[in-house]
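Asker: Following this message is one structure expressed as structure tokens.
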Amino acid sequence: MLTVRKAEDRGASRISWLDSHHTFSFSDYYDARHMGFRSLRVINDDTVAPAGGFGTHPHRDMEIVTYVLDGALEHADSLGTGSVIRPGDVQKMSAGTGIRHSEFNHSRTEPVHFLQIWVIPDRTGIEPGYQQLNFPHDAKVGKLVLVGANEDRDDIIRINQDVKMYVTVLESAQQRVEHTLAAGRHAWIHVATGSVTVNGNTLKAGDGAAITDESKLEISGAPAGEVLLFDLG
């Protein structure tokens, strides 16, 4: 079964420097029907104006993944990390016992558009940590690329939960990827840009879909789009 969460039905927060859309309940937006899916707790679709951003604030006991779609996001945290996150980068903070960080648009002339994803960890009180890896655009075209999982590997980020995060870029209706779900597994699809077809359902940018009781996912461009897929326990 595929249950679509349409982009226009998401929560929204708009202030002078921020345009944010919330797939699940977040901050002042609350909907008891949309509190997350499995261990996936937050998908925020944020556009930050030039020089705008989130000042230093705390988190704990959450896996926080940032995926930049356009522009550049400047990050600093209490671990001493300072970085700039650009398209193709996947950044993860394990907040664990506590971390403070800030996020600002790195540009004073162009907006930055990014997704911030929160995953509930499989245990509390872990040591805070930071990772950032780049997955080039061309490597994702027509392929479903694993970018994060609960595995110790140098080529993906470590997410402390039973989840696998994939990304694909489909540049035409002829490009198609498939993903098999093991028995008892679930999935969440988020369309980051463009539009795609998932098991015969057309989804546009900002749309999401919960997948249960399905053994296979077929995703193709409609005609083109970028997609995040979460395989969840």
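Note on naming: chains are A, B, ... as they come in the structure tokens, residues start from 1 per chain, ligands start from 1 in the order shown.
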Residues of segment 116-215 of chain A within 12 Å of segment 62-72 of chain A: nearest atom pair and distance (Å, one decimal) for each, counting only C-alpha atoms, sorted by chain and number, as a tab-separated table?
Answerer:
```
residue	atom	partner	partner_atom	distance
A:Gln116	CA	A:Thr66	CA	4.6
A:Ile117	CA	A:Val65	CA	5.0
A:Trp118	CA	A:Ile64	CA	4.6
A:Val119	CA	A:Glu63	CA	5.0
A:Ile120	CA	A:Met62	CA	5.3
A:Pro121	CA	A:Met62	CA	5.8
A:Asp122	CA	A:Met62	CA	9.4
A:Arg123	CA	A:Met62	CA	9.4
A:Thr124	CA	A:Met62	CA	8.3
A:Gly125	CA	A:Met62	CA	9.8
A:Ile126	CA	A:Met62	CA	9.7
A:Glu127	CA	A:Met62	CA	11.2
A:Pro128	CA	A:Glu63	CA	9.5
A:Gly129	CA	A:Glu63	CA	9.5
A:Tyr130	CA	A:Ile64	CA	9.6
A:Gln131	CA	A:Val65	CA	9.4
A:Gln132	CA	A:Thr66	CA	9.3
A:Leu133	CA	A:Tyr67	CA	10.5
A:Asn134	CA	A:Tyr67	CA	10.2
A:Phe135	CA	A:Tyr67	CA	10.6
A:His137	CA	A:Leu69	CA	10.9
A:Val147	CA	A:Tyr67	CA	10.7
A:Gly148	CA	A:Val65	CA	9.4
A:Ala149	CA	A:Glu63	CA	11.4
A:Asn150	CA	A:Glu63	CA	11.2
A:Ile157	CA	A:Val65	CA	9.3
A:Arg158	CA	A:Glu63	CA	9.5
A:Ile159	CA	A:Glu63	CA	6.6
A:Asn160	CA	A:Glu63	CA	7.0
A:Gln161	CA	A:Glu63	CA	8.4
A:Asp162	CA	A:Glu63	CA	11.8
A:Val163	CA	A:Glu63	CA	11.1
A:Met165	CA	A:Val65	CA	10.1
A:Tyr166	CA	A:Tyr67	CA	11.7
A:Val167	CA	A:Tyr67	CA	10.2
A:Val169	CA	A:Leu69	CA	11.8
A:Val191	CA	A:Leu69	CA	11.5
A:Ala192	CA	A:Leu69	CA	7.8
A:Thr193	CA	A:Leu69	CA	8.3
A:Gly194	CA	A:Leu69	CA	11.7
A:Ala205	CA	A:Leu69	CA	11.7
```
Asker: I need the strand (DSSP E or B) residues of segment 6-219 of chain A per DSSP on the backbone, written as a PyMOL selection string.
Answerer: chain A and resi 11-15+18-22+26+29+37+40-48+53-59+63-70+73-77+82-85+89-94+99-105+112-119+129-134+141+145-149+157-158+163-170+176-180+186-198+201-204+208-211+216-219
Asker: Write out as a VMD selection string the residues lying within 12 Å of Val177 of chain A, counting only C-alpha atoms and excluding same-chain residues fewer than 4 positions away.
Answerer: chain A and resid 140 to 145 166 to 173 196 to 199 216 to 221 226 to 227 229
Asker: Hey, can you spit out that residue selection with N, CA and C atoms as a compact mmCIF listing (two decimals), in the first residue's frame?
Answerer:
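Resulting contents of selection-v2.txt:
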```txt
# COMPACT_ATOMS: atom_id res chain seq x y z
N LYS A 140 24.62 9.38 -9.09
CA LYS A 140 23.24 9.10 -8.68
C LYS A 140 22.27 9.02 -9.85
N VAL A 141 22.72 9.40 -11.03
CA VAL A 141 21.83 9.44 -12.19
C VAL A 141 21.48 8.01 -12.62
N GLY A 142 20.20 7.69 -12.56
CA GLY A 142 19.73 6.38 -12.98
C GLY A 142 20.10 5.26 -12.04
N LYS A 143 20.59 5.61 -10.85
CA LYS A 143 20.99 4.59 -9.88
C LYS A 143 20.44 4.96 -8.50
N LEU A 144 20.13 3.95 -7.72
CA LEU A 144 19.69 4.14 -6.35
C LEU A 144 20.92 3.94 -5.47
N VAL A 145 21.42 5.04 -4.91
CA VAL A 145 22.69 5.03 -4.19
C VAL A 145 22.45 5.05 -2.69
N TYR A 166 18.60 6.10 0.77
CA TYR A 166 19.06 6.06 -0.61
C TYR A 166 18.69 7.37 -1.31
N VAL A 167 19.44 7.69 -2.37
CA VAL A 167 19.14 8.85 -3.21
C VAL A 167 19.27 8.42 -4.67
N THR A 168 18.37 8.95 -5.50
CA THR A 168 18.51 8.74 -6.94
C THR A 168 18.13 10.01 -7.69
N VAL A 169 18.73 10.19 -8.86
CA VAL A 169 18.38 11.27 -9.79
C VAL A 169 17.94 10.61 -11.09
N LEU A 170 16.72 10.91 -11.50
CA LEU A 170 16.17 10.33 -12.73
C LEU A 170 15.96 11.47 -13.72
N GLU A 171 16.63 11.38 -14.86
CA GLU A 171 16.65 12.50 -15.80
C GLU A 171 15.70 12.33 -16.98
N SER A 172 14.98 11.25 -17.02
CA SER A 172 13.99 11.04 -18.09
C SER A 172 13.00 9.97 -17.64
N ALA A 173 11.90 9.89 -18.38
CA ALA A 173 10.90 8.87 -18.07
C ALA A 173 11.42 7.47 -18.37
N VAL A 196 8.21 12.31 -10.26
CA VAL A 196 8.53 10.91 -10.54
C VAL A 196 7.26 10.08 -10.44
N THR A 197 7.36 8.86 -10.93
CA THR A 197 6.29 7.89 -10.77
C THR A 197 6.78 6.77 -9.86
N VAL A 198 6.00 6.48 -8.82
CA VAL A 198 6.34 5.42 -7.86
C VAL A 198 5.22 4.38 -7.89
N ASN A 199 5.53 3.18 -8.37
CA ASN A 199 4.52 2.11 -8.50
C ASN A 199 3.24 2.63 -9.15
N LYS A 216 8.13 -4.57 -3.68
CA LYS A 216 9.01 -3.93 -4.65
C LYS A 216 8.54 -2.51 -4.94
N LEU A 217 9.51 -1.60 -5.09
CA LEU A 217 9.24 -0.23 -5.50
C LEU A 217 9.88 0.00 -6.86
N GLU A 218 9.10 0.58 -7.78
CA GLU A 218 9.60 0.97 -9.09
C GLU A 218 9.44 2.48 -9.21
N ILE A 219 10.55 3.17 -9.44
CA ILE A 219 10.54 4.63 -9.51
C ILE A 219 11.12 5.04 -10.85
N SER A 220 10.38 5.90 -11.56
CA SER A 220 10.87 6.41 -12.84
C SER A 220 10.62 7.90 -12.93
N GLY A 221 11.33 8.58 -13.81
CA GLY A 221 11.14 10.00 -14.00
C GLY A 221 9.79 10.31 -14.62
N GLU A 226 14.49 14.13 -8.42
CA GLU A 226 15.46 13.64 -7.44
C GLU A 226 14.68 13.11 -6.25
N VAL A 227 15.03 11.92 -5.79
CA VAL A 227 14.22 11.23 -4.80
C VAL A 227 15.09 10.71 -3.65
N LEU A 229 14.84 7.88 -0.61
CA LEU A 229 14.11 6.69 -0.20
C LEU A 229 14.66 6.21 1.12
```
Asker: List every residue of segment 25-232 of chain A that DSSP, applied to the backbone of this structure, places in helix (DSSP H, G or I), and write the result as a list in words.
Answerer: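 For segment 25-232 of chain A, the helix (DSSP H, G or I) set is His137, Asp138, Ala139 and Lys140 of chain A.
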Asker: Can those selected residues be exported to a file as an mmCIF file, in the first residue's frame so that it contains N, CA and C atoms?
Answerer:
```
data_model
loop_
_atom_site.group_PDB
_atom_site.id
_atom_site.type_symbol
_atom_site.label_atom_id
_atom_site.label_comp_id
_atom_site.auth_asym_id
_atom_site.auth_seq_id
_atom_site.Cartn_x
_atom_site.Cartn_y
_atom_site.Cartn_z
ATOM 1 N N HIS A 137 26.712 14.106 -8.339
ATOM 2 C CA HIS A 137 25.468 14.042 -9.105
ATOM 3 C C HIS A 137 25.494 12.886 -10.099
ATOM 4 N N ASP A 138 26.562 12.781 -10.870
ATOM 5 C CA ASP A 138 26.605 11.779 -11.935
ATOM 6 C C ASP A 138 26.513 10.356 -11.386
ATOM 7 N N ALA A 139 26.988 10.144 -10.161
ATOM 8 C CA ALA A 139 26.947 8.807 -9.571
ATOM 9 C C ALA A 139 25.529 8.394 -9.195
ATOM 10 N N LYS A 140 24.622 9.385 -9.095
ATOM 11 C CA LYS A 140 23.242 9.097 -8.684
ATOM 12 C C LYS A 140 22.272 9.021 -9.855
#
```
Asker: Hey, what's within 9 Å of Asp45 of chain A if we count only C-alpha atoms and toss same-chain stuff fewer than 6 positions away? As number ranges by chain, please?
Answerer: A: 19-23, 113-117, 192, 206
Asker: Using C-alpha atoms, can you write the selected residues to a file as a compact mmCIF listing (two decimals), in the first residue's frame?
Answerer:
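See selection_2.txt below for the written result:
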```
# COMPACT_ATOMS: atom_id res chain seq x y z
CA ASP A 19 10.29 29.43 4.15
CA SER A 20 9.87 25.99 5.73
CA HIS A 21 7.52 23.10 4.94
CA HIS A 22 7.00 20.26 7.41
CA THR A 23 6.09 16.75 6.27
CA HIS A 113 17.43 25.15 -0.25
CA PHE A 114 17.90 22.02 1.83
CA LEU A 115 16.16 19.12 3.53
CA GLN A 116 16.67 18.44 7.21
CA ILE A 117 15.71 14.95 8.34
CA ALA A 192 13.13 16.47 -3.49
CA GLY A 206 7.60 18.04 -1.85
```
Asker: Quick one: residues within 12 Å of Gly233 of chain A, only C-alpha atoms, excluding same-chain residues fewer than 3 positions away - as a PDB file with N, CA and C atoms, in the first residue's frame?
Answerer:
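Done, and the output landed in out.pdb:
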```pdb
ATOM      1  N   PHE A  37       6.945   8.647  10.689  1.00  0.00           N
ATOM      2  CA  PHE A  37       6.668   7.340  10.103  1.00  0.00           C
ATOM      3  C   PHE A  37       7.785   6.399  10.521  1.00  0.00           C
ATOM      4  N   ARG A  38       7.391   5.368  11.291  1.00  0.00           N
ATOM      5  CA  ARG A  38       8.396   4.467  11.885  1.00  0.00           C
ATOM      6  C   ARG A  38       9.408   5.303  12.678  1.00  0.00           C
ATOM      7  N   SER A  39      10.714   5.149  12.412  1.00  0.00           N
ATOM      8  CA  SER A  39      11.707   5.947  13.151  1.00  0.00           C
ATOM      9  C   SER A  39      11.972   7.306  12.514  1.00  0.00           C
ATOM     10  N   LEU A  40      11.343   7.575  11.367  1.00  0.00           N
ATOM     11  CA  LEU A  40      11.503   8.857  10.676  1.00  0.00           C
ATOM     12  C   LEU A  40      10.602   9.890  11.347  1.00  0.00           C
ATOM     13  N   ASP A 122      18.321   4.400  17.810  1.00  0.00           N
ATOM     14  CA  ASP A 122      17.932   3.125  18.411  1.00  0.00           C
ATOM     15  C   ASP A 122      18.242   3.051  19.897  1.00  0.00           C
ATOM     16  N   ALA A 149      23.315   4.357   6.558  1.00  0.00           N
ATOM     17  CA  ALA A 149      22.771   3.138   7.150  1.00  0.00           C
ATOM     18  C   ALA A 149      23.428   2.925   8.509  1.00  0.00           C
ATOM     19  N   ASN A 150      22.944   1.957   9.241  1.00  0.00           N
ATOM     20  CA  ASN A 150      23.527   1.625  10.545  1.00  0.00           C
ATOM     21  C   ASN A 150      24.680   0.639  10.337  1.00  0.00           C
ATOM     22  N   GLN A 161      20.284   3.757  13.726  1.00  0.00           N
ATOM     23  CA  GLN A 161      18.914   3.247  13.702  1.00  0.00           C
ATOM     24  C   GLN A 161      18.808   2.261  12.550  1.00  0.00           C
ATOM     25  N   ASP A 162      17.803   1.390  12.609  1.00  0.00           N
ATOM     26  CA  ASP A 162      17.589   0.401  11.559  1.00  0.00           C
ATOM     27  C   ASP A 162      16.935   1.083  10.357  1.00  0.00           C
ATOM     28  N   VAL A 163      17.727   1.841   9.616  1.00  0.00           N
ATOM     29  CA  VAL A 163      17.241   2.580   8.452  1.00  0.00           C
ATOM     30  C   VAL A 163      18.337   2.607   7.401  1.00  0.00           C
ATOM     31  N   LYS A 164      17.928   2.522   6.154  1.00  0.00           N
ATOM     32  CA  LYS A 164      18.840   2.726   5.038  1.00  0.00           C
ATOM     33  C   LYS A 164      18.301   3.876   4.206  1.00  0.00           C
ATOM     34  N   LEU A 181      11.814  -4.525  -0.941  1.00  0.00           N
ATOM     35  CA  LEU A 181      11.631  -4.435   0.501  1.00  0.00           C
ATOM     36  C   LEU A 181      11.516  -5.843   1.077  1.00  0.00           C
ATOM     37  N   ALA A 182      12.358  -6.129   2.067  1.00  0.00           N
ATOM     38  CA  ALA A 182      12.290  -7.420   2.736  1.00  0.00           C
ATOM     39  C   ALA A 182      10.983  -7.525   3.528  1.00  0.00           C
ATOM     40  N   ALA A 183      10.586  -8.727   3.825  1.00  0.00           N
ATOM     41  CA  ALA A 183       9.353  -8.958   4.575  1.00  0.00           C
ATOM     42  C   ALA A 183       9.379  -8.179   5.887  1.00  0.00           C
ATOM     43  N   GLY A 184       8.293  -7.473   6.163  1.00  0.00           N
ATOM     44  CA  GLY A 184       8.195  -6.706   7.402  1.00  0.00           C
ATOM     45  C   GLY A 184       8.827  -5.336   7.352  1.00  0.00           C
ATOM     46  N   ARG A 185       9.455  -4.981   6.227  1.00  0.00           N
ATOM     47  CA  ARG A 185      10.074  -3.662   6.095  1.00  0.00           C
ATOM     48  C   ARG A 185       9.062  -2.654   5.548  1.00  0.00           C
ATOM     49  N   HIS A 186       9.363  -1.388   5.778  1.00  0.00           N
ATOM     50  CA  HIS A 186       8.527  -0.293   5.310  1.00  0.00           C
ATOM     51  C   HIS A 186       9.427   0.708   4.592  1.00  0.00           C
ATOM     52  N   ALA A 187       8.821   1.649   3.881  1.00  0.00           N
ATOM     53  CA  ALA A 187       9.623   2.665   3.192  1.00  0.00           C
ATOM     54  C   ALA A 187       8.899   3.999   3.208  1.00  0.00           C
ATOM     55  N   TRP A 188       9.690   5.053   3.131  1.00  0.00           N
ATOM     56  CA  TRP A 188       9.162   6.401   2.912  1.00  0.00           C
ATOM     57  C   TRP A 188       9.896   6.987   1.723  1.00  0.00           C
ATOM     58  N   ILE A 211       5.056   3.616   2.425  1.00  0.00           N
ATOM     59  CA  ILE A 211       4.886   2.345   1.728  1.00  0.00           C
ATOM     60  C   ILE A 211       4.881   1.223   2.747  1.00  0.00           C
ATOM     61  N   THR A 212       3.795   0.474   2.766  1.00  0.00           N
ATOM     62  CA  THR A 212       3.682  -0.696   3.637  1.00  0.00           C
ATOM     63  C   THR A 212       3.122  -1.855   2.822  1.00  0.00           C
ATOM     64  N   PHE A 230      13.771   5.985   2.087  1.00  0.00           N
ATOM     65  CA  PHE A 230      14.161   5.471   3.400  1.00  0.00           C
ATOM     66  C   PHE A 230      13.564   4.079   3.567  1.00  0.00           C
TER      67      PHE A 230
END
```
Asker: Atom CA of Pro136 of chain A and atom CA of Gln91 of chain A are how many Å apart?
Answerer: 14.0 Å
Asker: Which value, in Å to one decimal, gives the distance between atom CA of Thr109 of chain A and atom CA of Gly82 of chain A?
Answerer: 21.0 Å
